[in-house]
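Here the structure is laid out as structure tokens; the discussion comes afterwards.
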Amino acid sequence: DTFDYVIAGGGTAGLVIANRLSERSDITVAVIEAGDDVRQDPGVQSIDFLFANFNASINYQYPSVTGPELGSRNLTYRAGKALGGTSAINGMVYIRGDKAQYDAWEKLGNKGWNWNSVFSYYKLGERFIAPSSAQIEVGATYDASVHGDSGPLDNGFPFIISNGSFYDKARATWESLGLGPITDLNGGDPRGFVAAPQTLDPEAGVREDSARAYYTPAEARTNLKVIKGTVKRITWASGSGKQAVATGFEYVSPSGAIIKVGARKEVVISASAYRSPLILEASGVGNPKILKKLGIPTKVNLPGVGESMQDHNIVAMTYNLSNNITGRIGYATMPTAQDVFGSKTSSLAASTFKKLRSWAKALSATSDGAISPSAIERRFRIQHDLIFNKNITIAELFPTNTGDGGLLEQFWTSMPFSWGSVHLSSRDNIEVPSITANLLSTDFDLDMLTAVGRLSQKAYATAPLTDLIADNSSPGYTKLPLDASDEQWATFLKANALNALHVVGSCAMLPKELGGVVDSDVKVHGTRNVRVVDASIIPMQLSGHTMAPVYGVAEMAADRIKASWK
Ligand SMILES: Cc1cc2nc3c(=O)[nH]c(=O)nc-3n(C[C@H](O)[C@H](O)[C@H](O)COP(=O)(O)OP(=O)(O)OC[C@H]3O[C@@H](n4cnc5c(N)ncnc54)[C@H](O)[C@@H]3O)c2cc1C
């Protein structure tokens with residue numbers, strides 16, 4: 001078959017693109033998705049389960065190990081394998097990040113990509129469901145002006161938040177720690193404490209994933225087709241012009257047959273930050289040194305493919321409760337560098353600035369110079385400026401119910417300088433990426449996580465939140481006392497820090513000389529008609545979580561693609 005557009009991956013971003021492109025009835029669109037349609041699966045619909053589908057068939061699980069300094073621990077990276085992709089299995093928390101983080105994309109060379117532009121697409125895509133007055137009383141506040149009200153994606157607060165007994169005490173504690181309540185964390189300035197909305201239908205109590213939001217309303221269109229299969233590679237037009245021209249994809253059908261599907265106009269890769277680089281590499285687009293080792297001829301020399309994979313660094317602690325907390329705990333506290341480092345902030349700003357060059361050099365060396373030290377340093381400088389001059393939020397502290405009556409406090413740093421990579425593991429294996437996690441590889445990343453951990457511990461030891469807390473059950477105050485030294489923290493974090501599953505950057509939207517893979521029209525450098533749209537193109541980490549940014553980016557990318565029709 002041949003279509004105008006063929007999309008590899010019907011996940012969070014892929015279905016946004018499919019929906020928006022097929023709005024025009026004379027444009028034909030096919031989506032090749034490896035997973036099943038799970039919209040009717042009660043486990044997917046449920047808004048309570050977050051971790052329940054971790055080992056299920058709708059989950060990809062990719063192995064990796066930490067470096068020896070972190071105990072060579074096994075890490076698992078996860079993503080959804082279903083129509084809807086990771087939005088079908090994730091925690092649904094919807095947080096966009098800080099304004100300045102988006103403005104940095106434009107500074108990095110992406111014309112037109114800034115907070116104002118992406119914000120307008122956030123609003124276009126969203127149908128925000130205002131909380132009830134009972135929900136507002138327990139922190140579900142909002143500013144209607146920062147939300148959309150007629151887009152496809154439902155976003156709101158779970159009904160059961162209104163039974164919560166946690167809010168008043170947590171709010172008072174955070175207020176006393178200088179991080180008082182804010183009205184809405186999605187207006188570009190999320191610093192403070194507030195209930196976080198989730199992509200769900202509050203009345204029905206059902207998950208809103210991209211299949212429900214973007215595929216269901218478009219399903220009946222005759223110009224849109226979903227094909228079950230796993231894309232192996234791009235097929236190329238013969239000839240060796242300046243720009244490579246895709247003719248479609250080759251995919252493996254459920255029966256194992258290798259099938260070709262044609263694309264008259266373009267192919268779009270939306271297979272996630274883990275898998276989009278693999279499809280490019282399998283098609284000969286990437287770092288010639290890596291491709292040569294894999295036995296793949298280079299079609300497009302693009303060394304940034306699979307590099308600068310950025311995640312958040314996450315740690316969990318658990319608490320026993322002396323007073324039962326009813327209802328759902330869905331509150332985020334987001335601090336800035338000043339909030340966590342206090343009076344040390346300016347000296348840290350100066351000392352870390354001096355280290356950027358050596359960090360960039362070391363990172364470049366881990367990938368055999370795939371991205372030059374000077375390009376990484378340029379990117380690091382912008383990141384440093386965001387942290388220390390633009391005062392963005394640099395961490396999130398997010399409590400949830402443990403399920404057995406306890407409280408799980410997860411905290412993570414949002415802007416680590418430790419970047420990893422993800423590449424094809426062997427020529428024909430499109431299923432298992434080779435992931436280098438590279439967690440906590442700079443001293444500052446460890447300092448940030450330590451400072452955020454101390455803030456987290458302090459909050460649960462500060463009245464009135466203490467009224468609810470019986471004890472720190474893990475790691476426990478014996479192992480990690482409230483006055484733990486830097487060494488004790490380092491030992492704890494090196495043994496327990498994990499990948500937060502918020503991976504971006506592996507096909508970064510940046511100029512090629514900065515290690516970029518796609519340009520600001522989300523087109524792969526050196527190709528005429530290959531685009532990538534998913535978390536992989538987000539060039540620099542954001543505060544919060546990654547799903548909302550993926551929706552915003554996909555909405556804007558769809559318009560960029562449509563603009564090429566004029
Ligand atoms: C357990 C978990 C919890 C999370 N919780 C949150 C949260 O609460 N809030 C938040 O903001 N973010 C959260 N995230 C992260 C967020 O969900 C993801 O960053 C985002 O959904 C990624 O979207 P994507 O479009 O890049 O990829 P995906 O949504 O993963 O889409 C990729 C799609 O491509 C398909 N695919 C892959 N390879 C191929 C191939 N070769 N051929 C055909 N199809 C293919 C996949 O099956 C999938 O459907 C969480 C992630 C995980 C794993």
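Within each chain, counting starts at residue 1; across the structure tokens, chains are named A, B, ... in the order shown, with ligands numbered 1 upward in that order.
Every protein, DNA or RNA residue with an atom at most 10 Å from Ser426 in chain A, where only C-alpha atoms count and chain neighbours fewer than 6 positions away do not, is listed here: Leu278, Ala282, Leu291, Lys293, Leu294, Gly295, Ile296, Val432, Pro433 and Ser434 of chain A.
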Residues from last step as file, N, CA and C atoms, as a PDB file, in the first residue's frame:
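Output file out_3.pdb is given in full below:
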ATOM      1  N   LEU A 278      16.875   4.072  16.896  1.00  0.00           N
ATOM      2  CA  LEU A 278      17.173   2.741  16.349  1.00  0.00           C
ATOM      3  C   LEU A 278      16.698   2.626  14.902  1.00  0.00           C
ATOM      4  N   ALA A 282      19.148   1.858  11.861  1.00  0.00           N
ATOM      5  CA  ALA A 282      18.914   0.680  11.005  1.00  0.00           C
ATOM      6  C   ALA A 282      18.761   1.096   9.542  1.00  0.00           C
ATOM      7  N   LEU A 291      27.684   2.910  12.869  1.00  0.00           N
ATOM      8  CA  LEU A 291      27.049   2.154  11.786  1.00  0.00           C
ATOM      9  C   LEU A 291      28.007   1.124  11.208  1.00  0.00           C
ATOM     10  N   LYS A 293      30.441  -0.437  12.727  1.00  0.00           N
ATOM     11  CA  LYS A 293      30.524  -1.582  13.653  1.00  0.00           C
ATOM     12  C   LYS A 293      29.309  -2.500  13.520  1.00  0.00           C
ATOM     13  N   LEU A 294      28.148  -1.888  13.214  1.00  0.00           N
ATOM     14  CA  LEU A 294      26.923  -2.682  13.086  1.00  0.00           C
ATOM     15  C   LEU A 294      26.802  -3.325  11.697  1.00  0.00           C
ATOM     16  N   GLY A 295      27.697  -2.948  10.801  1.00  0.00           N
ATOM     17  CA  GLY A 295      27.642  -3.479   9.436  1.00  0.00           C
ATOM     18  C   GLY A 295      26.568  -2.818   8.590  1.00  0.00           C
ATOM     19  N   ILE A 296      26.249  -1.561   8.905  1.00  0.00           N
ATOM     20  CA  ILE A 296      25.215  -0.838   8.158  1.00  0.00           C
ATOM     21  C   ILE A 296      25.881   0.284   7.348  1.00  0.00           C
ATOM     22  N   VAL A 432      15.717  -4.314  20.915  1.00  0.00           N
ATOM     23  CA  VAL A 432      16.441  -4.088  22.182  1.00  0.00           C
ATOM     24  C   VAL A 432      17.517  -3.021  22.018  1.00  0.00           C
ATOM     25  N   PRO A 433      17.266  -1.835  22.536  1.00  0.00           N
ATOM     26  CA  PRO A 433      18.293  -0.798  22.431  1.00  0.00           C
ATOM     27  C   PRO A 433      19.458  -1.048  23.377  1.00  0.00           C
ATOM     28  N   SER A 434      20.595  -0.535  23.003  1.00  0.00           N
ATOM     29  CA  SER A 434      21.741  -0.566  23.913  1.00  0.00           C
ATOM     30  C   SER A 434      21.794   0.809  24.585  1.00  0.00           C
TER      31      SER A 434
END
Problem set entry | 7 Å shell around ligand 1 using only C-alpha atoms and all ligand atoms, listed as a ChimeraX atom specification | /A:8-14,32-35,50-51,54,78-87,89-95,229-232,270-273,275-276,279,430,501-503,534-536,545-548,550
Mind dumping the selected residues with C-alpha atoms as a PDB file, in the first residue's frame?
ATOM      1  CA  ALA A   8       6.227   4.686  12.609  1.00  0.00           C
ATOM      2  CA  GLY A   9       4.684   4.373  16.086  1.00  0.00           C
ATOM      3  CA  GLY A  10       1.134   5.157  17.193  1.00  0.00           C
ATOM      4  CA  GLY A  11       2.105   6.380  20.651  1.00  0.00           C
ATOM      5  CA  THR A  12       1.697   9.637  22.544  1.00  0.00           C
ATOM      6  CA  ALA A  13       3.086  11.808  19.733  1.00  0.00           C
ATOM      7  CA  GLY A  14       2.378   9.544  16.748  1.00  0.00           C
ATOM      8  CA  ILE A  32       2.381   1.387  11.861  1.00  0.00           C
ATOM      9  CA  GLU A  33       2.147   0.447  15.529  1.00  0.00           C
ATOM     10  CA  ALA A  34       3.820  -2.526  17.181  1.00  0.00           C
ATOM     11  CA  GLY A  35       1.338  -2.793  20.063  1.00  0.00           C
ATOM     12  CA  LEU A  50       0.458   3.264  37.603  1.00  0.00           C
ATOM     13  CA  PHE A  51       2.858   0.389  38.328  1.00  0.00           C
ATOM     14  CA  PHE A  54       5.035  -2.811  34.463  1.00  0.00           C
ATOM     15  CA  ARG A  78      10.198   1.245  30.363  1.00  0.00           C
ATOM     16  CA  ALA A  79       7.764   2.423  27.722  1.00  0.00           C
ATOM     17  CA  GLY A  80       4.303   1.519  26.508  1.00  0.00           C
ATOM     18  CA  LYS A  81       3.717  -0.934  23.674  1.00  0.00           C
ATOM     19  CA  ALA A  82       0.176  -0.162  22.594  1.00  0.00           C
ATOM     20  CA  LEU A  83      -1.903   2.184  20.543  1.00  0.00           C
ATOM     21  CA  GLY A  84      -1.338   5.262  22.703  1.00  0.00           C
ATOM     22  CA  GLY A  85       2.214   4.192  23.555  1.00  0.00           C
ATOM     23  CA  THR A  86       3.514   5.235  26.953  1.00  0.00           C
ATOM     24  CA  SER A  87       0.459   7.434  27.561  1.00  0.00           C
ATOM     25  CA  ILE A  89       0.677   3.014  30.919  1.00  0.00           C
ATOM     26  CA  ASN A  90       2.051   6.163  32.539  1.00  0.00           C
ATOM     27  CA  GLY A  91       1.160   8.102  35.672  1.00  0.00           C
ATOM     28  CA  MET A  92      -0.850  10.676  33.649  1.00  0.00           C
ATOM     29  CA  VAL A  93       0.613  13.636  35.587  1.00  0.00           C
ATOM     30  CA  TYR A  94       0.445  16.709  33.381  1.00  0.00           C
ATOM     31  CA  ILE A  95       3.161  19.339  34.003  1.00  0.00           C
ATOM     32  CA  GLY A 229       3.604  -4.187  12.763  1.00  0.00           C
ATOM     33  CA  THR A 230       7.123  -3.280  13.796  1.00  0.00           C
ATOM     34  CA  VAL A 231       9.001  -0.862  11.572  1.00  0.00           C
ATOM     35  CA  LYS A 232      12.505  -2.090  10.754  1.00  0.00           C
ATOM     36  CA  SER A 270       7.359   8.611  16.404  1.00  0.00           C
ATOM     37  CA  ALA A 271       8.692   5.449  18.044  1.00  0.00           C
ATOM     38  CA  SER A 272       9.855   7.067  21.344  1.00  0.00           C
ATOM     39  CA  ALA A 273      13.156   8.419  22.636  1.00  0.00           C
ATOM     40  CA  ARG A 275      13.375   3.542  19.530  1.00  0.00           C
ATOM     41  CA  SER A 276      13.343   6.406  17.047  1.00  0.00           C
ATOM     42  CA  ILE A 279      14.993   3.105  13.255  1.00  0.00           C
ATOM     43  CA  ILE A 430      15.181  -3.307  16.311  1.00  0.00           C
ATOM     44  CA  LEU A 501      11.609   7.192  32.738  1.00  0.00           C
ATOM     45  CA  HIS A 502      11.391  10.785  31.473  1.00  0.00           C
ATOM     46  CA  VAL A 503      13.815  10.320  28.605  1.00  0.00           C
ATOM     47  CA  ASP A 534       8.258  12.363  19.891  1.00  0.00           C
ATOM     48  CA  ALA A 535      10.111  12.854  23.178  1.00  0.00           C
ATOM     49  CA  SER A 536      13.429  12.237  21.424  1.00  0.00           C
ATOM     50  CA  HIS A 545       7.280  15.275  33.507  1.00  0.00           C
ATOM     51  CA  THR A 546       7.609  14.599  29.790  1.00  0.00           C
ATOM     52  CA  MET A 547       4.131  13.629  28.570  1.00  0.00           C
ATOM     53  CA  ALA A 548       2.649  17.140  28.470  1.00  0.00           C
ATOM     54  CA  VAL A 550       5.346  15.603  24.055  1.00  0.00           C
TER      55      VAL A 550
END
Using only C-alpha atoms, find each residue of range 312-379 of chain A with at least one atom at most 12 Å away from an atom of range 97-115 of chain A; report its shortest atom-to-atom pair and that distance in Å (one decimal), sort the rows by chain and rising residue number, and return the result as a tab-separated table.
residue	atom	partner	partner_atom	distance
A:Met334	CA	A:Gly97	CA	9.9
A:Pro335	CA	A:Asp98	CA	11.5
A:Thr336	CA	A:Asp98	CA	10.7
A:Ala375	CA	A:Leu108	CA	10.5
A:Ile376	CA	A:Leu108	CA	11.4
A:Arg378	CA	A:Leu108	CA	8.7
A:Arg379	CA	A:Leu108	CA	7.5
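Distance check against Thr352 in chain A using only C-alpha atoms: of A:Asp385, A:Glu69, A:Asp404, A:Asp368, the minimum falls on A:Asp385.
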For this session: List every residue of range 281-437 of chain A that DSSP, applied to the backbone, labels as strand (DSSP E), and write the result as a ChimeraX atom specification.
Result: /A:285-286,300-301,313-321,331-334,395-401,407-413,421-426,429-436
Exercise. Can you list, as number ranges by chain, every protein, DNA or RNA residue that comes within 12 Å of Ala18 in chain A when you count only C-alpha atoms, leaving out same-chain residues fewer than 6 positions away?
Worked result: A: 4-12, 24, 27-33, 83-84, 210-211, 213-219, 221, 223-226, 267-270, 533, 554-555, 557-559, 561-562
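With only C-alpha atoms as the atoms that count, the minimum distance from Gln61 in chain A to the choices A:Val517, A:Leu75, A:Ala263, A:Val300 is reached by A:Leu75.
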Problem set entry | helix (DSSP H, G or I) per DSSP on the backbone: members of range 222-376 of chain A, as a ChimeraX atom specification | /A:276-282,288-294,337-366,373-376
Exercise. In Å, how far is it from CA of Pro277 in chain A to CA of Val532 in chain A?
Worked result: 9.4 Å
For this session: Quick one: everything within 9 Å of range 469-481 of chain A, counting only C-alpha atoms, minus sequence neighbours fewer than 5 positions away in the same chain. Send it as a VMD selection string.
Result: chain A and resid 316 to 323 407 457 460 to 461 488 to 489 492
Would you mind exporting the chosen residues as an mmCIF file, in the first residue's frame, restricted to C-alpha atoms?
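Wrote it out as result-v9.cif, contents follow:
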data_model
loop_
_atom_site.group_PDB
_atom_site.id
_atom_site.type_symbol
_atom_site.label_atom_id
_atom_site.label_comp_id
_atom_site.auth_asym_id
_atom_site.auth_seq_id
_atom_site.Cartn_x
_atom_site.Cartn_y
_atom_site.Cartn_z
ATOM 1 C CA ALA A 316 12.199 7.233 46.583
ATOM 2 C CA MET A 317 11.707 7.186 50.326
ATOM 3 C CA THR A 318 8.773 5.683 52.190
ATOM 4 C CA TYR A 319 7.072 6.753 55.383
ATOM 5 C CA ASN A 320 4.814 4.925 57.837
ATOM 6 C CA LEU A 321 1.803 6.976 58.770
ATOM 7 C CA SER A 322 0.444 7.637 62.224
ATOM 8 C CA ASN A 323 -2.775 8.998 60.771
ATOM 9 C CA LEU A 407 3.414 7.265 51.815
ATOM 10 C CA GLN A 457 13.485 14.730 54.382
ATOM 11 C CA TYR A 460 8.435 15.214 56.411
ATOM 12 C CA ALA A 461 10.113 16.188 59.681
ATOM 13 C CA GLN A 488 26.173 9.376 53.892
ATOM 14 C CA TRP A 489 23.994 10.988 51.242
ATOM 15 C CA PHE A 492 22.635 6.353 49.763
#
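For the residues A:Ser64, A:Tyr122, A:Ala196, A:Gly151, ranking by smallest atom-to-atom distance to His423 in chain A using only C-alpha atoms places A:Ser64 first.
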List the neighbours of Thr66 in chain A out to 8 Å using only C-alpha atoms; skip same-chain residues closer than 2 positions along the sequence, and give me the result as a PDB file with N, CA and C atoms, in the first residue's frame.
ATOM      1  N   SER A  64      19.632  -1.889  31.317  1.00  0.00           N
ATOM      2  CA  SER A  64      20.862  -1.093  31.277  1.00  0.00           C
ATOM      3  C   SER A  64      21.535  -1.282  32.631  1.00  0.00           C
ATOM      4  N   PRO A  68      30.241   1.506  37.395  1.00  0.00           N
ATOM      5  CA  PRO A  68      30.731   0.811  38.587  1.00  0.00           C
ATOM      6  C   PRO A  68      30.676   1.686  39.836  1.00  0.00           C
ATOM      7  N   GLU A  69      30.847   3.014  39.674  1.00  0.00           N
ATOM      8  CA  GLU A  69      30.810   3.903  40.844  1.00  0.00           C
ATOM      9  C   GLU A  69      29.411   3.969  41.453  1.00  0.00           C
ATOM     10  N   LEU A  70      28.416   3.516  40.700  1.00  0.00           N
ATOM     11  CA  LEU A  70      27.056   3.437  41.243  1.00  0.00           C
ATOM     12  C   LEU A  70      26.671   1.975  41.502  1.00  0.00           C
ATOM     13  N   GLY A  71      27.680   1.136  41.625  1.00  0.00           N
ATOM     14  CA  GLY A  71      27.453  -0.257  42.012  1.00  0.00           C
ATOM     15  C   GLY A  71      27.093  -1.182  40.866  1.00  0.00           C
ATOM     16  N   SER A  72      27.285  -0.742  39.635  1.00  0.00           N
ATOM     17  CA  SER A  72      26.926  -1.555  38.458  1.00  0.00           C
ATOM     18  C   SER A  72      25.548  -2.187  38.632  1.00  0.00           C
ATOM     19  N   ARG A  73      24.606  -1.366  39.054  1.00  0.00           N
ATOM     20  CA  ARG A  73      23.245  -1.863  39.304  1.00  0.00           C
ATOM     21  C   ARG A  73      22.465  -2.003  38.010  1.00  0.00           C
ATOM     22  N   ASN A  74      21.534  -2.981  38.001  1.00  0.00           N
ATOM     23  CA  ASN A  74      20.662  -3.124  36.834  1.00  0.00           C
ATOM     24  C   ASN A  74      19.593  -2.029  36.857  1.00  0.00           C
ATOM     25  N   LEU A  75      19.401  -1.412  35.738  1.00  0.00           N
ATOM     26  CA  LEU A  75      18.320  -0.432  35.603  1.00  0.00           C
ATOM     27  C   LEU A  75      17.367  -0.949  34.537  1.00  0.00           C
ATOM     28  N   THR A 436      23.191   3.449  27.419  1.00  0.00           N
ATOM     29  CA  THR A 436      24.184   3.854  28.419  1.00  0.00           C
ATOM     30  C   THR A 436      23.518   4.917  29.281  1.00  0.00           C
ATOM     31  N   ALA A 437      23.274   4.563  30.548  1.00  0.00           N
ATOM     32  CA  ALA A 437      22.480   5.454  31.398  1.00  0.00           C
ATOM     33  C   ALA A 437      23.292   6.663  31.856  1.00  0.00           C
ATOM     34  N   ASN A 438      24.497   6.408  32.306  1.00  0.00           N
ATOM     35  CA  ASN A 438      25.401   7.489  32.723  1.00  0.00           C
ATOM     36  C   ASN A 438      24.797   8.397  33.801  1.00  0.00           C
ATOM     37  N   LEU A 439      24.177   7.800  34.818  1.00  0.00           N
ATOM     38  CA  LEU A 439      23.574   8.603  35.894  1.00  0.00           C
ATOM     39  C   LEU A 439      24.651   9.231  36.779  1.00  0.00           C
TER      40      LEU A 439
END
For this session: Show which residues sit within 10 Å of Ser372 in chain A, as a PyMOL selection string. Count only C-alpha atoms, and ignore same-chain residues fewer than 3 positions away.
Result: chain A and resi 303-304+360-361+363-365+367-369+375-377+513-515
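Distances from A:Pro190, A:Pro131, A:Gly403, A:Gly180 to Leu542 in chain A were compared using only C-alpha atoms, and the smallest one belongs to A:Pro190.
Residues in contact with range 191-195 of chain A at 9 Å, where only C-alpha atoms are counted and same-chain residues fewer than 6 positions away are skipped, are listed as Asp98, Val138, Gly139, Ala140, Thr141, Phe157, Tyr167, Ala170, Arg171, Trp174, Glu175, Gly178, Leu179, Gly180, Pro181, Ile182, Thr183, Asp184, Leu185, Ile329, Gly330, Tyr331, Ala332, Thr333, Met334, Pro335, Thr336, Ile392 and Thr393 of chain A.
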